[in-house]
file work18.txt (compact mmCIF, C-alpha atoms)
# COMPACT_ATOMS: atom_id res chain seq x y z
CA MET A 1 -18.65 25.83 -80.96
CA LYS A 2 -19.68 24.26 -77.66
CA ASN A 3 -16.98 22.13 -76.00
CA PHE A 4 -17.43 18.38 -76.42
CA PHE A 5 -17.06 16.39 -73.19
CA CYS A 6 -16.66 12.70 -73.95
CA SER A 7 -17.73 11.68 -70.45
CA ASP A 8 -20.99 13.63 -70.71
CA TYR A 9 -21.70 12.05 -74.10
CA SER A 10 -20.95 8.52 -72.85
CA ARG A 11 -23.36 9.02 -69.94
CA LYS A 12 -26.01 10.49 -72.23
CA ILE A 13 -26.06 7.49 -74.57
CA GLY A 14 -25.80 5.01 -71.68
CA GLU A 15 -22.60 3.32 -72.82
CA GLU A 16 -21.89 0.16 -70.84
CA ILE A 17 -18.73 0.50 -68.79
CA ILE A 18 -17.69 -3.16 -68.34
CA GLY A 19 -14.85 -4.53 -70.47
CA SER A 20 -12.86 -1.31 -70.58
CA ALA A 21 -10.09 -2.23 -68.11
CA THR A 22 -6.64 -2.66 -69.64
CA ASN A 23 -4.47 -5.71 -69.04
CA TYR A 24 -0.79 -5.21 -68.19
CA GLN A 25 1.94 -7.44 -66.77
CA THR A 26 3.48 -4.61 -64.75
CA TYR A 27 2.61 -1.15 -63.43
CA VAL A 28 5.47 1.27 -62.75
CA LEU A 29 4.26 4.24 -60.69
CA VAL A 30 6.58 7.21 -60.19
CA GLU A 31 5.79 9.98 -57.73
CA CYS A 32 6.16 13.27 -59.56
CA PRO A 33 4.33 16.52 -58.76
CA PRO A 34 2.09 18.10 -61.43
CA PRO A 35 1.67 19.89 -63.72
CA TRP A 36 1.89 17.13 -66.29
CA ILE A 37 1.77 17.76 -70.02
CA TRP A 38 -0.25 15.62 -72.46
CA GLU A 39 2.57 13.05 -72.70
CA ALA A 40 3.12 12.86 -68.95
CA PHE A 41 6.70 11.55 -69.02
CA GLY A 42 7.75 14.59 -71.02
CA SER A 43 6.79 16.88 -68.11
CA LYS A 44 9.40 19.27 -66.70
CA TRP A 45 9.90 17.44 -63.38
CA VAL A 46 10.64 14.11 -65.12
CA PRO A 47 14.45 13.81 -65.52
CA SER A 48 15.89 13.11 -68.96
CA ASN A 49 17.22 9.66 -67.99
CA LEU A 50 13.72 8.54 -66.97
CA GLN A 51 12.22 10.01 -70.14
CA LEU A 52 14.75 8.03 -72.17
CA LEU A 53 13.96 4.78 -70.32
CA HIS A 54 10.24 5.34 -70.80
CA ARG A 55 10.69 5.80 -74.57
CA GLU A 56 13.03 2.81 -74.75
CA LEU A 57 10.63 0.39 -73.04
CA LYS A 58 7.62 1.79 -74.89
CA SER A 59 9.35 1.17 -78.23
CA LYS A 60 9.83 -2.48 -77.24
CA LYS A 61 6.07 -2.79 -76.72
CA LEU A 62 6.53 -4.47 -73.35
CA PRO A 63 3.34 -5.03 -71.27
CA ILE A 64 4.41 -2.36 -68.76
CA ARG A 65 2.25 0.62 -67.84
CA PHE A 66 4.15 3.70 -66.69
CA LEU A 67 2.17 6.26 -64.69
CA LEU A 68 3.01 9.40 -62.77
CA ILE A 69 1.37 9.68 -59.37
CA ALA A 70 1.20 12.43 -56.77
CA LYS A 71 -0.33 13.36 -53.44
CA GLU A 72 -1.00 16.79 -51.99
CA ASP A 73 2.45 16.99 -50.42
CA SER A 74 4.44 15.47 -53.31
CA HIS A 75 5.82 18.86 -54.39
CA LYS A 76 7.52 19.41 -51.02
CA ASN A 77 8.53 15.85 -50.14
CA GLN A 78 12.22 15.19 -49.54
CA GLU A 79 11.91 11.74 -51.10
CA THR A 80 10.30 10.08 -54.13
CA THR A 81 8.08 7.01 -54.00
CA LEU A 82 8.49 4.36 -56.68
CA LEU A 83 5.91 1.57 -56.79
CA ILE A 84 6.20 -1.48 -59.03
CA TYR A 85 3.25 -3.85 -59.26
CA HIS A 86 3.93 -7.11 -61.11
CA LYS A 87 1.48 -9.86 -62.03
CA PRO A 88 2.40 -13.43 -61.00
CA GLN A 89 2.13 -16.20 -63.56
CA SER A 90 -0.07 -18.46 -61.41
CA LEU A 91 -3.58 -18.11 -60.06
CA THR A 92 -3.72 -14.90 -58.07
CA LYS A 93 -6.05 -12.24 -56.73
CA SER A 94 -3.59 -9.38 -56.93
CA TYR A 95 -0.33 -8.02 -58.27
CA ILE A 96 2.84 -8.19 -56.17
CA LYS A 97 3.98 -4.82 -54.86
CA ARG A 98 7.56 -3.55 -54.53
CA GLU A 99 7.99 -0.14 -52.93
CA PHE A 100 11.05 2.10 -53.01
CA LYS A 101 11.79 5.39 -51.25
CA LEU A 102 14.42 7.36 -53.14
CA PRO A 103 16.19 10.60 -52.15
CA ASN A 104 15.10 12.17 -55.44
CA ILE A 105 13.43 11.38 -58.75
CA ASP A 106 16.76 11.37 -60.63
CA LEU A 107 17.47 7.92 -59.13
CA VAL A 108 14.23 6.32 -60.33
CA GLU A 109 15.59 5.32 -63.75
CA GLY A 110 18.46 3.34 -62.21
CA GLU A 111 16.15 1.55 -59.78
CA ILE A 112 13.77 0.51 -62.55
CA ARG A 113 16.69 -0.87 -64.56
CA LYS A 114 17.87 -2.80 -61.49
CA TRP A 115 14.39 -4.26 -61.03
CA LEU A 116 14.21 -5.27 -64.69
CA ALA A 117 17.59 -7.02 -64.31
CA GLY A 118 16.49 -8.80 -61.11
CA LYS A 119 19.01 -6.93 -58.94
CA ASN A 120 18.50 -5.86 -55.34
CA SER A 121 18.03 -2.25 -54.30
CA ASN A 122 19.22 -0.31 -51.27
CA TYR A 123 16.11 1.84 -51.44
CA GLU A 124 13.43 -0.85 -51.23
CA ILE A 125 11.38 -0.59 -48.05
CA GLN A 126 9.70 -3.33 -46.04
CA ASN A 127 6.60 -4.43 -47.84
CA LYS A 128 3.37 -3.87 -45.94
CA PHE A 129 -0.12 -4.13 -47.32
CA THR A 130 -1.61 -1.00 -48.86
CA ARG A 131 -4.45 -0.31 -51.24
CA ASP A 132 -3.27 2.30 -53.70
CA ILE A 133 -6.21 4.02 -55.35
CA LEU A 134 -5.12 5.90 -58.47
CA ILE A 135 -7.55 8.60 -59.60
CA CYS A 136 -6.93 10.11 -63.01
CA THR A 137 -6.74 13.90 -62.79
CA HIS A 138 -4.69 14.34 -65.98
CA GLY A 139 -6.61 17.29 -67.42
CA SER A 140 -4.00 18.16 -70.05
CA HIS A 141 -4.59 14.71 -71.58
CA ASP A 142 -8.38 14.91 -71.48
CA GLN A 143 -10.48 17.71 -70.02
CA CYS A 144 -13.00 15.29 -68.48
CA CYS A 145 -10.30 14.01 -66.12
CA ALA A 146 -9.86 17.54 -64.80
CA ARG A 147 -13.57 18.33 -64.75
CA TYR A 148 -14.60 15.16 -62.91
CA GLY A 149 -11.33 13.66 -61.61
CA ASN A 150 -10.09 16.63 -59.58
CA PRO A 151 -13.19 17.16 -57.41
CA PHE A 152 -13.58 13.41 -56.95
CA TYR A 153 -9.96 13.12 -55.77
CA PHE A 154 -10.50 15.96 -53.30
CA HIS A 155 -13.61 14.38 -51.77
CA ALA A 156 -12.10 10.87 -51.84
CA GLN A 157 -9.41 11.98 -49.42
CA LYS A 158 -12.14 12.99 -46.97
CA THR A 159 -13.93 9.67 -47.47
CA ILE A 160 -10.78 7.73 -46.55
CA VAL A 161 -10.35 9.76 -43.35
CA GLU A 162 -14.00 9.36 -42.37
CA LEU A 163 -13.86 5.58 -42.92
CA GLN A 164 -10.56 5.39 -40.96
CA LEU A 165 -8.95 3.24 -43.65
CA GLU A 166 -5.30 3.69 -42.72
CA GLU A 167 -4.05 1.15 -45.28
CA VAL A 168 -5.64 3.04 -48.20
CA ARG A 169 -3.62 5.64 -50.08
CA ILE A 170 -5.22 8.00 -52.57
CA TRP A 171 -3.06 9.22 -55.46
CA ARG A 172 -3.54 11.57 -58.36
CA SER A 173 -2.58 9.73 -61.52
CA SER A 174 -1.64 10.51 -65.09
CA HIS A 175 -3.77 9.10 -67.93
CA ILE A 176 -5.09 5.60 -67.16
CA GLY A 177 -7.41 5.33 -70.15
CA GLY A 178 -11.17 5.40 -70.43
CA HIS A 179 -11.48 9.12 -69.70
CA ARG A 180 -15.00 9.06 -71.13
CA PHE A 181 -15.89 7.27 -67.87
CA ALA A 182 -14.39 10.03 -65.68
CA PRO A 183 -13.89 10.07 -62.81
CA THR A 184 -11.86 6.88 -63.30
CA ALA A 185 -9.71 4.92 -60.86
CA ILE A 186 -7.50 1.83 -60.54
CA ASP A 187 -7.61 -0.08 -57.25
CA LEU A 188 -4.20 -1.70 -56.70
CA PRO A 189 -2.86 -4.30 -55.89
CA GLU A 190 -5.83 -6.05 -57.52
CA ALA A 191 -5.88 -3.68 -60.54
CA ARG A 192 -9.65 -3.39 -60.67
CA TYR A 193 -10.78 -0.46 -62.81
CA TYR A 194 -13.73 1.80 -62.01
CA GLY A 195 -15.43 4.78 -63.64
CA LEU A 196 -18.36 7.19 -63.26
CA LEU A 197 -17.53 7.16 -59.57
CA ASP A 198 -19.10 9.12 -56.74
CA GLN A 199 -18.38 8.96 -53.01
CA GLN A 200 -21.19 6.47 -52.35
CA SER A 201 -19.86 3.96 -54.87
CA LEU A 202 -16.29 4.56 -53.66
CA GLN A 203 -17.33 3.69 -50.10
CA ALA A 204 -18.99 0.46 -51.28
CA ILE A 205 -15.84 -0.49 -53.21
CA LEU A 206 -13.51 0.28 -50.31
CA CYS A 207 -15.62 -1.50 -47.69
CA ARG A 208 -16.93 -4.21 -50.05
CA ALA A 209 -20.38 -3.89 -48.59
CA GLY A 210 -23.84 -2.92 -49.77
CA ASP A 211 -25.73 -3.75 -52.95
CA ILE A 212 -23.35 -5.58 -55.29
CA LYS A 213 -25.35 -4.29 -58.26
CA ILE A 214 -23.72 -0.89 -57.77
CA LEU A 215 -20.90 -2.38 -59.86
CA ASP A 216 -23.22 -2.42 -62.86
CA ARG A 217 -22.75 1.33 -63.13
CA VAL A 218 -19.11 1.80 -62.05
CA TYR A 219 -17.12 -1.43 -62.65
CA ARG A 220 -14.92 -1.27 -65.75
CA GLY A 221 -13.39 -4.70 -65.14
CA TRP A 222 -10.44 -6.52 -63.62
CA GLY A 223 -7.07 -5.67 -65.14
CA LEU A 224 -5.84 -9.20 -64.38
CA LEU A 225 -8.11 -10.49 -67.15
CA PRO A 226 -8.29 -9.89 -70.90
CA SER A 227 -11.02 -7.36 -71.70
CA ALA A 228 -13.35 -9.90 -73.32
CA LEU A 229 -13.45 -11.94 -70.09
CA GLN A 230 -14.37 -8.98 -67.93
CA VAL A 231 -18.08 -9.22 -68.65
CA LEU A 232 -17.92 -12.90 -67.64
CA GLU A 233 -16.21 -12.06 -64.36
CA ARG A 234 -18.84 -9.44 -63.58
CA GLU A 235 -21.62 -12.01 -63.97
CA ILE A 236 -19.86 -14.31 -61.51
CA ILE A 237 -19.58 -11.40 -59.06
CA TYR A 238 -23.35 -10.93 -59.24
CA ILE A 239 -23.81 -14.60 -58.29
CA GLN A 240 -21.22 -14.77 -55.50
CA GLY A 241 -21.38 -11.21 -54.17
CA TRP A 242 -18.48 -9.45 -52.46
CA ASP A 243 -17.04 -12.85 -51.39
CA TRP A 244 -15.86 -13.28 -55.00
CA PHE A 245 -13.13 -10.70 -54.35
CA ASN A 246 -11.31 -13.21 -52.10
CA ASN A 247 -10.78 -15.72 -54.92
CA LYS A 248 -7.64 -16.32 -56.95
CA VAL A 249 -8.15 -16.33 -60.72
CA SER A 250 -6.59 -16.73 -64.12
CA GLY A 251 -8.23 -16.27 -67.48
CA LYS A 252 -7.45 -16.65 -71.15
CA VAL A 253 -8.98 -16.39 -74.59
CA LEU A 254 -9.06 -19.85 -76.21
CA GLU A 255 -10.44 -18.84 -79.60
CA GLN A 256 -11.43 -15.59 -81.26
CA SER A 257 -13.09 -15.12 -84.63
CA MET A 258 -11.37 -13.05 -87.28
CA ASP A 259 -14.04 -10.36 -87.04
CA ASN A 260 -13.89 -10.39 -83.20
CA ASN A 261 -17.61 -11.11 -83.05
CA THR A 262 -17.23 -14.31 -81.05
CA VAL A 263 -14.80 -15.31 -78.32
CA LEU A 264 -14.31 -18.61 -76.50
CA ALA A 265 -12.97 -17.77 -73.05
CA GLU A 266 -11.84 -19.75 -70.03
CA LEU A 267 -11.73 -18.54 -66.44
CA SER A 268 -10.32 -20.57 -63.54
CA TYR A 269 -10.64 -19.63 -59.91
CA GLU A 270 -9.71 -21.02 -56.52
CA ASN A 271 -11.90 -20.12 -53.55
CA SER A 272 -10.88 -19.74 -49.90
CA ALA A 273 -11.79 -23.39 -49.22
CA GLY A 274 -9.21 -24.54 -51.77
CA CYS A 275 -11.70 -25.65 -54.44
CA LEU A 276 -10.63 -24.98 -58.01
CA TYR A 277 -13.25 -24.30 -60.67
CA THR A 278 -12.79 -23.87 -64.41
CA LEU A 279 -15.50 -22.23 -66.47
CA GLN A 280 -15.75 -21.80 -70.21
CA ALA A 281 -17.99 -19.32 -71.95
CA LYS A 282 -18.85 -18.33 -75.47
CA LEU A 283 -19.00 -14.55 -75.73
CA ILE A 284 -20.68 -12.85 -78.65
CA LYS A 285 -20.73 -9.28 -79.86
CA ASP A 286 -23.66 -7.48 -78.26
CA THR A 287 -25.12 -5.57 -81.19
CA VAL A 288 -27.29 -3.43 -78.90
CA LYS A 289 -24.53 -2.32 -76.53
CA THR A 290 -21.73 -2.02 -79.12
CA ARG A 291 -21.24 1.65 -79.95
CA ILE A 292 -19.60 3.92 -82.50
CA LEU A 293 -18.51 7.07 -80.69
CA LYS A 294 -15.74 9.55 -79.97
CA THR A 295 -13.69 7.96 -77.22
CA SER A 296 -12.02 11.18 -76.03
CA CYS A 297 -12.76 14.89 -75.90
CA HIS A 298 -10.28 15.66 -78.68
CA ALA A 299 -11.01 12.69 -80.96
CA THR A 300 -11.47 13.75 -84.59
CA GLU A 301 -13.09 10.47 -85.64
CA GLU A 302 -15.50 8.01 -84.09
CA SER A 303 -14.35 4.51 -83.10
CA LEU A 304 -16.13 1.17 -82.87
CA VAL A 305 -16.32 0.01 -79.25
CA VAL A 306 -17.33 -3.66 -79.14
CA LYS A 307 -19.24 -4.96 -76.13
CA TYR A 308 -19.73 -8.66 -75.42
CA ALA A 309 -22.57 -10.73 -73.99
CA ILE A 310 -22.47 -14.27 -72.61
CA ASP A 311 -24.04 -16.69 -75.08
CA ASN A 312 -23.18 -19.92 -73.32
CA LEU A 313 -21.53 -20.68 -69.96
CA TYR A 314 -20.66 -24.04 -68.46
CA ALA A 315 -18.37 -25.52 -65.81
CA LYS A 316 -15.53 -27.46 -67.40
CA SER A 317 -14.13 -28.99 -64.22
CA THR A 318 -14.01 -28.82 -60.44
CA GLU A 319 -11.33 -30.13 -58.10
CA VAL A 320 -10.08 -29.74 -54.55
CA VAL A 321 -6.59 -28.28 -54.27
CA SER A 322 -4.52 -30.13 -51.66
CA ALA A 323 -2.93 -27.98 -48.99
CA LEU A 324 0.86 -27.97 -49.17
call {"tool": "encode", "arguments": {"input": "work18.txt", "output": "structure tokens"}}
result
Amino acid sequence: MKNFFCSDYSRKIGEEIIGSATNYQTYVLVECPPPWIWEAFGSKWVPSNLQLLHRELKSKKLPIRFLLIAKEDSHKNQETTLLIYHKPQSLTKSYIKREFKLPNIDLVEGEIRKWLAGKNSNYEIQNKFTRDILICTHGSHDQCCARYGNPFYFHAQKTIVELQLEEVRIWRSSHIGGHRFAPTAIDLPEARYYGLLDQQSLQAILCRAGDIKILDRVYRGWGLLPSALQVLEREIIYIQGWDWFNNKVSGKVLEQSMDNNTVLAELSYENSAGCLYTLQAKLIKDTVKTRILKTSCHATEESLVVKYAIDNLYAKSTEVVSAL
């Protein structure tokens, strides 16, 4: 029987990509060289204490996303990078980064526990701005991430060098979800999700230049926002262009029908001039774009993937935020 590639099928049927970003309070990224098995934190280079912590926090259903990351030289590095990205409670345009350089991966578990307890670390380094682009290459989890993620990661490194973007770091990543949109990526600290990427769209995203409509094909949504609001945010991007990326936002679902067919959502944003806007929108299930499909290469059953459309949008309020 011919192999089923979920990414090929998603492209073939023209599945809309927006609304597929996942929303987490915290990202914990641990540098660990591949190979990674299907359940990445069970891989041989992950120490038992870290595996135990991962299972412990996962069982508590905390909004924390653990990922393994690696670069070309991770297997021979004399130190391990630990990155923790945490979402502030207020209006924001990005997660807050904490970066640690540890002598070895065995110490990662203790540092994560310290961070969870609000304790200081001797291994935290001075925080400087970086854009950490995580590209899923986790082929043992889904073959599309190997088929499309690996070559994209290879060429992305060249793109960064050619554009002379010294603050951008490209990482291999374990499973980030949405492998049917491979190659997929998360752009931190903002936690914007992308898929179906090529080097042209990557360059537009990195430089925030060119035709904004390129996002129609590759933008999965902003991980700061609940998935239902992501289609609303994309429409605002189309109106404001790349300048939108400088705004601080917050968003929430006010009401949701029992069948999930309608959602009342609210999105607030503050622009660079200090003006605060609050928008409300009614989102309805888009019966044309909603699909029933296999969401991974190894799925045995099809799943309903609901897509939303904006039925009504209006400005609730506008105010000028006083400078402190």
call {"tool": "closest_residue", "arguments": {"input": "work18.txt", "among": "A:Val263, A:Ala40, A:Phe154, A:His298", "to": "His179 of chain A", "atoms": "all atoms listed in the file"}}
result
A:His298
call {"tool": "residues_around", "arguments": {"input": "work18.txt", "residues": "His175 of chain A", "least_positions_apart": "5", "cutoff": "9 Å", "atoms": "only C-alpha atoms", "output": "count of residues only"}}
result
12
call {"tool": "residues_around", "arguments": {"input": "work18.txt", "residues": "segment 227-229 of chain A", "least_positions_apart": "6", "cutoff": "8 Å", "atoms": "all atoms listed in the file", "output": "list in words"}}
result
Gly19, Ser20, Ala21, Thr22, Asn23, Gly221, Gly251, Lys252, Val253, Val263, Ala265, Glu266, Leu267, Leu283 and Tyr308 of chain A
call {"tool": "closest_atom_pairs", "arguments": {"input": "work18.txt", "of": "segment 65-146 of chain A", "to": "segment 27-37 of chain A", "cutoff": "9 Å", "atoms": "only C-alpha atoms", "output": "CSV"}}
result
residue,atom,partner,partner_atom,distance
A:Arg65,CA,A:Tyr27,CA,4.8
A:Phe66,CA,A:Val28,CA,4.8
A:Leu67,CA,A:Leu29,CA,4.9
A:Leu68,CA,A:Val30,CA,4.9
A:Ile69,CA,A:Glu31,CA,4.7
A:Ala70,CA,A:Glu31,CA,5.3
A:Lys71,CA,A:Pro33,CA,7.7
A:Glu72,CA,A:Pro33,CA,8.6
A:Asp73,CA,A:Pro33,CA,8.6
A:Ser74,CA,A:Pro33,CA,5.6
A:His75,CA,A:Pro33,CA,5.2
A:Lys76,CA,A:Pro33,CA,8.9
A:Thr80,CA,A:Glu31,CA,5.8
A:Thr81,CA,A:Glu31,CA,5.3
A:Leu82,CA,A:Val30,CA,4.9
A:Leu83,CA,A:Leu29,CA,5.0
A:Ile84,CA,A:Val28,CA,4.7
A:Tyr85,CA,A:Tyr27,CA,5.0
A:His86,CA,A:Tyr27,CA,6.5
A:Lys87,CA,A:Tyr27,CA,8.9
A:Ile105,CA,A:Cys32,CA,7.6
A:Val108,CA,A:Val30,CA,7.7
A:Ile112,CA,A:Val28,CA,8.3
A:His138,CA,A:Trp36,CA,7.2
A:Gly139,CA,A:Trp36,CA,8.6
A:Ser140,CA,A:Ile37,CA,5.8
A:His141,CA,A:Ile37,CA,7.2
call {"tool": "atom_distance", "arguments": {"input": "work18.txt", "atom1": "atom CA of Glu111 of chain A", "atom2": "atom CA of Glu166 of chain A"}}
result
27.5 Å
call {"tool": "residues_around", "arguments": {"input": "work18.txt", "residues": "Lys158 of chain A", "least_positions_apart": "5", "cutoff": "12 Å", "atoms": "only C-alpha atoms", "output": "PDB file with C-alpha atoms, in the coordinates of the input"}}
result
ATOM      1  CA  PRO A 151     -13.190  17.160 -57.410  1.00  0.00           C
ATOM      2  CA  PHE A 152     -13.580  13.410 -56.950  1.00  0.00           C
ATOM      3  CA  TYR A 153      -9.960  13.120 -55.770  1.00  0.00           C
ATOM      4  CA  LEU A 163     -13.860   5.580 -42.920  1.00  0.00           C
ATOM      5  CA  GLN A 164     -10.560   5.390 -40.960  1.00  0.00           C
ATOM      6  CA  LEU A 165      -8.950   3.240 -43.650  1.00  0.00           C
ATOM      7  CA  VAL A 168      -5.640   3.040 -48.200  1.00  0.00           C
ATOM      8  CA  ARG A 169      -3.620   5.640 -50.080  1.00  0.00           C
ATOM      9  CA  ILE A 170      -5.220   8.000 -52.570  1.00  0.00           C
ATOM     10  CA  GLN A 199     -18.380   8.960 -53.010  1.00  0.00           C
ATOM     11  CA  LEU A 202     -16.290   4.560 -53.660  1.00  0.00           C
ATOM     12  CA  GLN A 203     -17.330   3.690 -50.100  1.00  0.00           C
TER      13      GLN A 203
END
call {"tool": "residues_near_point", "arguments": {"input": "work18.txt", "point": "(-18.3, 14.9, -73.4)", "cutoff": "8 Å", "atoms": "all atoms listed in the file", "output": "CSV table (one decimal) with C-alpha atoms, keeping the file's coordinate frame"}}
result
chain,number,residue,atom,x,y,z
A,3,ASN,CA,-17.0,22.1,-76.0
A,4,PHE,CA,-17.4,18.4,-76.4
A,5,PHE,CA,-17.1,16.4,-73.2
A,6,CYS,CA,-16.7,12.7,-74.0
A,7,SER,CA,-17.7,11.7,-70.4
A,8,ASP,CA,-21.0,13.6,-70.7
A,9,TYR,CA,-21.7,12.0,-74.1
A,10,SER,CA,-21.0,8.5,-72.8
A,144,CYS,CA,-13.0,15.3,-68.5
A,180,ARG,CA,-15.0,9.1,-71.1
A,296,SER,CA,-12.0,11.2,-76.0
A,297,CYS,CA,-12.8,14.9,-75.9
call {"tool": "atom_distance", "arguments": {"input": "work18.txt", "atom1": "atom CA of Asn246 of chain A", "atom2": "atom CA of Glu16 of chain A"}}
result
25.3 Å
call {"tool": "residues_around", "arguments": {"input": "work18.txt", "residues": "segment 278-280 of chain A", "least_positions_apart": "6", "cutoff": "8 Å", "atoms": "only C-alpha atoms", "output": "compact mmCIF listing (two decimals) with C-alpha atoms, in the frame of the given file"}}
result
# COMPACT_ATOMS: atom_id res chain seq x y z
CA LEU A 264 -14.31 -18.61 -76.50
CA ALA A 265 -12.97 -17.77 -73.05
CA GLU A 266 -11.84 -19.75 -70.03
CA LEU A 267 -11.73 -18.54 -66.44
CA SER A 268 -10.32 -20.57 -63.54
CA TYR A 269 -10.64 -19.63 -59.91
CA LEU A 313 -21.53 -20.68 -69.96
CA TYR A 314 -20.66 -24.04 -68.46
CA ALA A 315 -18.37 -25.52 -65.81
CA LYS A 316 -15.53 -27.46 -67.40
CA SER A 317 -14.13 -28.99 -64.22
CA THR A 318 -14.01 -28.82 -60.44
call {"tool": "closest_residue", "arguments": {"input": "work18.txt", "among": "A:Ile214, A:Ile18, A:Ile135, A:Ala191", "to": "Glu233 of chain A", "atoms": "only C-alpha atoms"}}
result
A:Ile18
call {"tool": "closest_residue", "arguments": {"input": "work18.txt", "among": "A:Leu50, A:Trp171, A:Ile133, A:Ile17", "to": "Gln230 of chain A", "atoms": "all atoms listed in the file"}}
result
A:Ile17
call {"tool": "residues_around", "arguments": {"input": "work18.txt", "residues": "Ala309 of chain A", "least_positions_apart": "5", "cutoff": "7 Å", "atoms": "only C-alpha atoms", "output": "ChimeraX atom specification"}}
result
/A:283-286
call {"tool": "atom_distance", "arguments": {"input": "work18.txt", "atom1": "atom CA of Asn271 of chain A", "atom2": "atom CA of Lys248 of chain A"}}
result
6.6 Å
call {"tool": "axis_aligned_box", "arguments": {"input": "work18.txt", "around": "segment 313-317 of chain A", "padding_each_side": "8 Å", "output": "lines of an AutoDock Vina configuration file"}}
result
center_x = -17.8
center_y = -24.8
center_z = -67.1
size_x = 23.4
size_y = 24.3
size_z = 21.7
call {"tool": "residues_near_point", "arguments": {"input": "work18.txt", "point": "(-14.3, 3.2, -58.6)", "cutoff": "10 Å", "atoms": "all atoms listed in the file", "output": "list of chain:residue names"}}
result
A:Ile133, A:Leu134, A:Ile135, A:Ala182, A:Pro183, A:Thr184, A:Ala185, A:Ile186, A:Asp187, A:Arg192, A:Tyr193, A:Tyr194, A:Gly195, A:Leu196, A:Leu197, A:Asp198, A:Gln199, A:Gln200, A:Ser201, A:Leu202, A:Gln203, A:Ala204, A:Ile205, A:Leu206, A:Leu215, A:Arg217, A:Val218, A:Tyr219, A:Arg220
